[in-house]
Amino acid sequence: MKSLAVLFGALLAIPQVAVADYQEGLLSYQTGRYEQALTQFRTLALTGHPGAEFMLGVMYFTGSGVPRDPVIAAIYFRNSADKGDTGGQLAFGSIYIRGVGVYQDLVEARSWLLLAAHSAEDDLRQQAITLLQATEPLMTPSELSEAEQRARHWHPAPMRNGSR
């Protein structure tokens, strides 16, 4: 149950990115104006903005202003994670632990959590470390090794239009 609380904390951790429309989207989201946030995040996501993709994942995961849909949330989290967004990596790894919106896969979970654990953001790094500690006893040595290898060989996907 503790790891579930960490997961929801991870999903609500909002990255800080210096883009005016993104900041407006965050403010709209934080004040419950979900329709406005959704419009701003969707527009930014079309340009490949990882923070907006993460926030769309949060909205679909929690059902904030949209029908709750963990599969759509997983797609947005993956897009964000692929670009190196720590929140996206943490969220994407987290959903693989229990198989929410994706098939349960501890190797996949751990590989994304290992990436998130290298974050400069202390709160996200600590959440990733907590989840890593929770998954380790559930995995075989070869699974642990495979997850570490995947994380080591990961490279961020290119972003369109210089979005960040």
# chains A, B, ... in the order shown; residues from 1 in each chain; ligands from 1
>>> residues_around(residues="Pro70 of chain A", least_positions_apart="3", cutoff="7 Å", atoms="only C-alpha atoms", output="VMD selection string")
chain A and resid 60 to 61 73 to 74 100 to 101
>>> write_last_selection(atoms="C-alpha atoms", output="PDB file, in the first residue's frame")
ATOM      1  CA  TYR A  60      -6.052  10.440 -17.783  1.00  0.00           C
ATOM      2  CA  PHE A  61      -4.635   8.392 -14.903  1.00  0.00           C
ATOM      3  CA  ALA A  73      -2.284   7.612 -19.484  1.00  0.00           C
ATOM      4  CA  ALA A  74       0.387   4.980 -20.158  1.00  0.00           C
ATOM      5  CA  VAL A 100      -2.074  -0.485 -14.564  1.00  0.00           C
ATOM      6  CA  GLY A 101      -2.757   0.383 -18.207  1.00  0.00           C
TER       7      GLY A 101
END
>>> closest_residue(among="A:Pro156, A:Met59, A:Ala151, A:Val102", to="Gly32 of chain A", atoms="only C-alpha atoms")
A:Met59
>>> atom_distance(atom1="atom CA of Leu114 of chain A", atom2="atom CA of Arg98 of chain A")
16.9 Å
>>> select_by_dssp(residues="chain A", states="helix (DSSP H, G or I)", output="ChimeraX atom specification")
/A:2-12,20-30,34-46,50-62,70-82,86-98,106-116,122-138,141-152,160-162
>>> atom_distance(atom1="atom CA of Ser142 of chain A", atom2="atom CA of Leu124 of chain A")
26.4 Å
>>> residues_around(residues="segment 144-148 of chain A", least_positions_apart="5", cutoff="7 Å", atoms="only C-alpha atoms", output="short mmCIF file (atom, residue, chain, number, x, y, z; two decimals) with N, CA and C atoms, in the first residue's frame")
data_model
loop_
_atom_site.label_atom_id
_atom_site.label_comp_id
_atom_site.auth_asym_id
_atom_site.auth_seq_id
_atom_site.Cartn_x
_atom_site.Cartn_y
_atom_site.Cartn_z
N VAL A 107 10.74 -5.93 -14.84
CA VAL A 107 11.99 -5.56 -15.51
C VAL A 107 11.80 -4.19 -16.17
N GLU A 108 10.71 -4.03 -16.88
CA GLU A 108 10.42 -2.74 -17.52
C GLU A 108 10.25 -1.65 -16.46
N ARG A 110 11.50 -1.50 -13.45
CA ARG A 110 12.78 -1.17 -12.82
C ARG A 110 13.69 -0.38 -13.75
N SER A 111 13.68 -0.68 -15.04
CA SER A 111 14.55 0.06 -15.96
C SER A 111 14.17 1.54 -16.00
N MET A 139 12.39 -9.72 -7.65
CA MET A 139 13.01 -10.02 -8.94
C MET A 139 14.20 -10.98 -8.78
#
>>> closest_residue(among="A:Glu53, A:Glu24, A:Asp85, A:Asp105", to="Gln40 of chain A", atoms="only C-alpha atoms")
A:Glu24
>>> closest_residue(among="A:Arg42, A:His49, A:Arg33, A:His153", to="Asn79 of chain A", atoms="only C-alpha atoms")
A:His49
>>> closest_residue(among="A:Ser94, A:Gln23, A:Gln127, A:Gln30", to="Leu44 of chain A", atoms="only C-alpha atoms")
A:Gln23
>>> residues_around(residues="Gly57 of chain A", least_positions_apart="6", cutoff="10 Å", atoms="only C-alpha atoms", output="list in words")
Leu11, Gly51, Gly63, Asp69, Pro70, Val71, Ile72, Ala73, Ala74, Ile75, Tyr76, Phe77, Arg78, Asn79, Ser80, Gly88, Ala91 and Phe92 of chain A
>>> closest_residue(among="A:Ala52, A:Leu46, A:Ala117, A:Leu27", to="Gln133 of chain A", atoms="only C-alpha atoms")
A:Ala117
>>> atom_distance(atom1="atom CA of Thr62 of chain A", atom2="atom CA of Leu138 of chain A")
26.9 Å
>>> closest_residue(among="A:Phe41, A:Ile97, A:Gly84, A:Gln36", to="Glu136 of chain A", atoms="only C-alpha atoms")
A:Ile97
>>> residues_around(residues="Ala116 of chain A", least_positions_apart="2", cutoff="8 Å", atoms="only C-alpha atoms", output="ChimeraX atom specification")
/A:86-87,89-90,112-114,118-119,124-125,128
